[in-house]
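A.B. asks: Input: one structure, supplied below.
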Amino acid sequence: MNQYKEKMTNVLLIDEVQMCPQFELAINSIYAKGIYDIYITGSNAFLLSSDLATLFTGRTMEIKLYPFSFKEYLTYYKITDGYDDAFDQYVKTGGMLGAYVYKTENRQYDYVRDVYSTIIIRDLVEKYKIRNKLEFTNISEFMMDNIGNFLSPNNICETLKNNQSEITRKTVSKYIGYLENAFLFYEAKRYDLKGKKYLTNNSKYYLCDSSFRYAVNGTRNMDYGRVYENIVYLELRRRGYEVYVGKLYKKEIDFVAKKRDTQIYIQVSDNISDEKNI
């Protein structure tokens with residue numbers, strides 16, 4: 001309070017406070033004074049936006065942050081030409097800014113893998129008291145391998161059962177929810193353009209950054225087409241669109257992107273000769 005300045009905008013930044021018991025009481029007390037613009041930031045599963053909304057009962061506004069876009073990647077490295085080569089590198093190493101301090105691709109992947117295992121998986125296992133960590137990581141890695149494919153708790157459950165797992169559909173559904181809560185994956189639901197309704201039987205899931213797929217599952221299967229699709233999906237989210245997978249009769253549109261009165265249709269291809277290529 002001694003730092004407060006009259007007739008100025010006073011900003012209070014609170015970072016990584018989630019491990020302090022009852023931190024919300026202190027923040028609520030400061031908020032009640034009505035003199036600070038308060039920002040709360042954190043990097044792990046113990047500080048989820050859903051938790052903050054509960055703790056502060058509607059007095060919060062979420063600011064969504066994403067890993068670096070390709071444009072931000074170019075700005076960071078001061079790249080002004082050779083965009084094709086730069087994009088190829090961006091596809092592989094992604095937009096996790098913390099990895100940029102390392103000079104080799106292997107070290108960058110080491111960093112991303114550590115983020116995945118310590119901040120995302122370990123913290124989620126602890127937060128939700130997950131007893132079978134192996135099943136949880138298997139689901140996460142299976143989803144990474146299948147970005148851009150239609151998935152459901154049912155077909156994931158059946159695939160795991162074929163590998164001698166006894167996991168249930170209900171548990172798979174919960175685990176997917178945990179991974180979404182931690183912003184590792186985003187769901188793109190199917191939208192029937194003719195019937196103008198959402199379909200609930202299958203969805204596609206996209207990673208928050210393609211580097212996780214390569215760092216965790218390896219580079220044996222680069223699958224550029226699906227990774228390009230992932231990058232386009234995230235870019236649409238950055239630009240404020242709601243993004244769905246379009247269905248028209250028996251055909252599929254990669255993305256239906258909606259923002260207020262605007263609706264656009266996007267098809268993604270890794271074939272340079274394809275007229276639909278973007």
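By convention in this document, the chains of the structure tokens carry letters A, B, ... by their order, each chain's residues are numbered from 1, and ligands are numbered from 1 in the order they are shown.
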Considering only C-alpha atoms, give me a table of residues in range 144-169 of chain A that are at most 6 Å from range 186-206 of chain A, with the closest atom pair and distance in Å for each, as CSV.
C.D. replies:
```
residue,atom,partner,partner_atom,distance
A:Ile147,CA,A:Tyr206,CA,5.3
A:Gly148,CA,A:Lys204,CA,5.5
A:Asn149,CA,A:Lys204,CA,5.7
A:Phe150,CA,A:Lys204,CA,4.8
A:Leu151,CA,A:Asn202,CA,5.6
A:Ser152,CA,A:Asn202,CA,5.2
```
A.B. asks: Might you pull out every residue within 12 Å of Ser165 in chain A, with only C-alpha atoms counted and same-chain residues fewer than 5 positions away left off, and present them as a VMD selection string?
C.D. replies: chain A and resid 132 134 to 136 138 to 139 156 to 160 171 to 172
A.B. asks: Emit the selected residues as a compact mmCIF listing (two decimals), in the first residue's frame, including all heavy atoms.
C.D. replies:
```
# COMPACT_ATOMS: atom_id res chain seq x y z
N ASN A 132 -3.72 -43.45 -11.91
CA ASN A 132 -2.99 -44.16 -12.96
C ASN A 132 -2.35 -43.14 -13.91
O ASN A 132 -2.94 -42.74 -14.92
CB ASN A 132 -3.92 -45.10 -13.73
CG ASN A 132 -3.16 -46.09 -14.59
OD1 ASN A 132 -2.09 -45.78 -15.11
ND2 ASN A 132 -3.69 -47.29 -14.73
N LEU A 134 0.14 -43.49 -15.91
CA LEU A 134 0.49 -44.04 -17.22
C LEU A 134 -0.68 -43.93 -18.18
O LEU A 134 -0.50 -43.53 -19.34
CB LEU A 134 0.93 -45.49 -17.08
CG LEU A 134 1.33 -46.19 -18.39
CD1 LEU A 134 2.50 -45.48 -19.05
CD2 LEU A 134 1.67 -47.66 -18.13
N GLU A 135 -1.88 -44.26 -17.73
CA GLU A 135 -3.05 -44.15 -18.60
C GLU A 135 -3.29 -42.70 -19.00
O GLU A 135 -3.63 -42.41 -20.15
CB GLU A 135 -4.29 -44.69 -17.89
CG GLU A 135 -4.38 -46.20 -17.88
CD GLU A 135 -5.70 -46.70 -17.33
OE1 GLU A 135 -6.36 -45.94 -16.62
OE2 GLU A 135 -6.05 -47.86 -17.63
N PHE A 136 -3.10 -41.80 -18.06
CA PHE A 136 -3.29 -40.37 -18.34
C PHE A 136 -2.31 -39.89 -19.41
O PHE A 136 -2.70 -39.21 -20.37
CB PHE A 136 -3.12 -39.59 -17.05
CG PHE A 136 -3.37 -38.11 -17.19
CD1 PHE A 136 -4.58 -37.63 -17.66
CD2 PHE A 136 -2.40 -37.19 -16.84
CE1 PHE A 136 -4.82 -36.27 -17.78
CE2 PHE A 136 -2.62 -35.83 -16.95
CZ PHE A 136 -3.84 -35.37 -17.42
N ASN A 138 -0.74 -41.76 -21.57
CA ASN A 138 -1.03 -42.46 -22.82
C ASN A 138 -2.11 -41.75 -23.62
O ASN A 138 -2.03 -41.63 -24.84
CB ASN A 138 -1.46 -43.90 -22.54
CG ASN A 138 -0.29 -44.81 -22.21
OD1 ASN A 138 0.87 -44.46 -22.46
ND2 ASN A 138 -0.57 -45.96 -21.64
N ILE A 139 -3.14 -41.27 -22.91
CA ILE A 139 -4.22 -40.55 -23.59
C ILE A 139 -3.69 -39.24 -24.17
O ILE A 139 -3.99 -38.88 -25.32
CB ILE A 139 -5.38 -40.28 -22.61
CG1 ILE A 139 -6.10 -41.59 -22.30
CG2 ILE A 139 -6.36 -39.25 -23.17
CD1 ILE A 139 -7.12 -41.49 -21.19
N ILE A 156 -11.26 -43.44 -28.25
CA ILE A 156 -10.00 -43.48 -27.50
C ILE A 156 -10.00 -44.64 -26.53
O ILE A 156 -9.01 -45.39 -26.40
CB ILE A 156 -9.76 -42.15 -26.75
CG1 ILE A 156 -9.55 -41.00 -27.74
CG2 ILE A 156 -8.56 -42.27 -25.81
CD1 ILE A 156 -9.44 -39.65 -27.08
N CYS A 157 -11.13 -44.83 -25.86
CA CYS A 157 -11.28 -45.93 -24.90
C CYS A 157 -11.09 -47.27 -25.60
O CYS A 157 -10.37 -48.15 -25.08
CB CYS A 157 -12.66 -45.85 -24.24
SG CYS A 157 -12.91 -47.04 -22.92
N GLU A 158 -11.70 -47.45 -26.76
CA GLU A 158 -11.59 -48.71 -27.49
C GLU A 158 -10.15 -48.96 -27.93
O GLU A 158 -9.65 -50.09 -27.87
CB GLU A 158 -12.51 -48.71 -28.71
CG GLU A 158 -13.98 -48.81 -28.36
CD GLU A 158 -14.31 -50.04 -27.52
OE1 GLU A 158 -13.84 -51.14 -27.88
OE2 GLU A 158 -15.01 -49.89 -26.51
N THR A 159 -9.47 -47.91 -28.38
CA THR A 159 -8.07 -48.07 -28.80
C THR A 159 -7.20 -48.51 -27.63
O THR A 159 -6.36 -49.41 -27.76
CB THR A 159 -7.54 -46.73 -29.37
OG1 THR A 159 -8.32 -46.36 -30.49
CG2 THR A 159 -6.08 -46.88 -29.78
N LEU A 160 -7.39 -47.89 -26.47
CA LEU A 160 -6.59 -48.24 -25.30
C LEU A 160 -6.92 -49.65 -24.81
O LEU A 160 -6.03 -50.38 -24.36
CB LEU A 160 -6.82 -47.22 -24.18
CG LEU A 160 -6.31 -45.80 -24.47
CD1 LEU A 160 -6.68 -44.87 -23.34
CD2 LEU A 160 -4.80 -45.80 -24.67
N THR A 171 -13.76 -42.18 -17.57
CA THR A 171 -12.43 -41.73 -17.15
C THR A 171 -11.71 -41.01 -18.29
O THR A 171 -11.08 -39.97 -18.08
CB THR A 171 -11.59 -42.92 -16.66
OG1 THR A 171 -12.27 -43.54 -15.56
CG2 THR A 171 -10.21 -42.48 -16.22
N VAL A 172 -11.82 -41.55 -19.50
CA VAL A 172 -11.20 -40.91 -20.67
C VAL A 172 -11.76 -39.50 -20.84
O VAL A 172 -11.02 -38.54 -21.07
CB VAL A 172 -11.43 -41.74 -21.95
CG1 VAL A 172 -10.97 -40.95 -23.18
CG2 VAL A 172 -10.69 -43.06 -21.87
```
A.B. asks: Would you list the contacts of Arg237 in chain A as a ChimeraX atom specification, taking every protein, DNA or RNA residue within 10 Å and counting only C-alpha atoms, but skipping same-chain residues closer than 6 positions in sequence?
C.D. replies: /A:64,66,186,231,243,257
A.B. asks: Enumerate as a PyMOL selection string all residues of range 77-271 of chain A assigned to strand (DSSP E) by DSSP on the backbone, naming them with the chain letters and numbers the document uses.
C.D. replies: chain A and resi 150-151+185-192+197-207+242-248+251-259+262-266
A.B. asks: Store the residues picked out above, limited to C-alpha atoms, as an mmCIF file, in the first residue's frame.
C.D. replies:
```
data_model
loop_
_atom_site.group_PDB
_atom_site.id
_atom_site.type_symbol
_atom_site.label_atom_id
_atom_site.label_comp_id
_atom_site.auth_asym_id
_atom_site.auth_seq_id
_atom_site.Cartn_x
_atom_site.Cartn_y
_atom_site.Cartn_z
ATOM 1 C CA PHE A 150 -11.892 -37.117 -35.265
ATOM 2 C CA LEU A 151 -11.742 -38.389 -31.709
ATOM 3 C CA PHE A 185 -5.480 -29.141 -26.141
ATOM 4 C CA TYR A 186 -8.364 -27.226 -27.716
ATOM 5 C CA GLU A 187 -11.538 -28.882 -28.955
ATOM 6 C CA ALA A 188 -12.991 -28.095 -32.392
ATOM 7 C CA LYS A 189 -16.571 -29.368 -32.503
ATOM 8 C CA ARG A 190 -18.334 -30.420 -35.681
ATOM 9 C CA TYR A 191 -20.846 -27.996 -37.176
ATOM 10 C CA ASP A 192 -23.507 -29.140 -39.660
ATOM 11 C CA LYS A 197 -26.414 -27.324 -35.531
ATOM 12 C CA TYR A 198 -23.483 -28.701 -33.609
ATOM 13 C CA LEU A 199 -22.765 -32.429 -33.750
ATOM 14 C CA THR A 200 -21.706 -34.124 -30.540
ATOM 15 C CA ASN A 201 -20.511 -37.543 -31.662
ATOM 16 C CA ASN A 202 -16.933 -36.609 -32.657
ATOM 17 C CA SER A 203 -14.590 -33.634 -32.322
ATOM 18 C CA LYS A 204 -11.082 -32.755 -33.406
ATOM 19 C CA TYR A 205 -8.447 -31.720 -30.886
ATOM 20 C CA TYR A 206 -5.528 -29.383 -31.537
ATOM 21 C CA LEU A 207 -2.364 -28.825 -29.530
ATOM 22 C CA GLU A 242 -14.739 -19.373 -32.689
ATOM 23 C CA VAL A 243 -13.499 -22.336 -34.719
ATOM 24 C CA TYR A 244 -15.444 -25.441 -35.725
ATOM 25 C CA VAL A 245 -15.060 -28.324 -38.149
ATOM 26 C CA GLY A 246 -17.623 -27.944 -40.936
ATOM 27 C CA LYS A 247 -19.826 -30.738 -42.276
ATOM 28 C CA LEU A 248 -21.902 -30.351 -45.451
ATOM 29 C CA LYS A 251 -18.093 -33.566 -47.153
ATOM 30 C CA GLU A 252 -15.893 -31.862 -44.582
ATOM 31 C CA ILE A 253 -14.629 -28.282 -44.371
ATOM 32 C CA ASP A 254 -11.489 -28.050 -42.271
ATOM 33 C CA PHE A 255 -12.578 -24.948 -40.388
ATOM 34 C CA VAL A 256 -15.657 -22.803 -40.043
ATOM 35 C CA ALA A 257 -14.514 -19.643 -38.263
ATOM 36 C CA LYS A 258 -17.114 -17.319 -36.741
ATOM 37 C CA LYS A 259 -16.758 -13.884 -35.179
ATOM 38 C CA THR A 262 -18.470 -12.786 -39.922
ATOM 39 C CA GLN A 263 -18.204 -16.418 -40.983
ATOM 40 C CA ILE A 264 -15.343 -17.761 -43.105
ATOM 41 C CA TYR A 265 -14.517 -21.206 -44.471
ATOM 42 C CA ILE A 266 -10.953 -22.487 -44.617
#
```
A.B. asks: What are the nearest atom pairs, with distances in Å to one decimal, for all residues of range 162-195 of chain A that come at most 12 Å from range 104-128 of chain A, using only C-alpha atoms, set out by chain and rising residue number as CSV?
C.D. replies:
```
residue,atom,partner,partner_atom,distance
A:Lys174,CA,A:Tyr128,CA,10.0
A:Tyr175,CA,A:Tyr128,CA,9.5
A:Ile176,CA,A:Leu124,CA,11.5
A:Gly177,CA,A:Leu124,CA,11.0
A:Tyr178,CA,A:Leu124,CA,7.2
A:Leu179,CA,A:Leu124,CA,8.1
A:Glu180,CA,A:Ile120,CA,10.8
A:Asn181,CA,A:Leu124,CA,9.5
A:Ala182,CA,A:Ile120,CA,6.9
A:Phe183,CA,A:Ile120,CA,9.2
A:Leu184,CA,A:Ile120,CA,7.8
A:Phe185,CA,A:Ile120,CA,11.3
```
A.B. asks: Can you tell me which residues surround range 13-29 of chain A at a distance of at most 6 Å, considering only C-alpha atoms, apart from same-chain residues fewer than 3 positions away, and format the answer as JSON, numbers by chain?
C.D. replies: {"A": [32, 39, 40, 41, 42, 47]}
A.B. asks: Considering only C-alpha atoms, return as a ChimeraX atom specification whatever protein or nucleic-acid residues lie within 8 Å of Val91 in chain A, sequence-local ones (same chain, fewer than 3 positions apart) excluded.
C.D. replies: /A:87-88,94,210-211,227-228
A.B. asks: Which residue gives the smallest distance to Asn230 in chain A among A:Asn155, A:Thr75, A:Ser69, A:Ser140, with only C-alpha atoms counted?
C.D. replies: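 Of A:Asn155, A:Thr75, A:Ser69, A:Ser140, the one nearest Asn230 in chain A is A:Ser69, counting only C-alpha atoms.
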A.B. asks: Please report, as a list in words, each residue of range 4-84 of chain A to which DSSP assigns helix (DSSP H, G or I) when run on this structure's backbone.
C.D. replies: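 Residues meeting the helix (DSSP H, G or I) criterion: Phe23, Glu24, Leu25, Ala26, Ile27, Asn28, Ser29, Ile30, Tyr31, Ala32, Ser49, Ser50, Asp51, Leu52, Ala53, Thr54, Leu55, Phe70, Lys71, Glu72, Tyr73, Leu74, Thr75, Tyr76, Tyr77, Tyr83 and Asp84 of chain A.
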A.B. asks: Enter the distance from CA of Lys71 in chain A to CA of Gln267 in chain A, in Å, rounded to one decimal.
C.D. replies: 20.7 Å
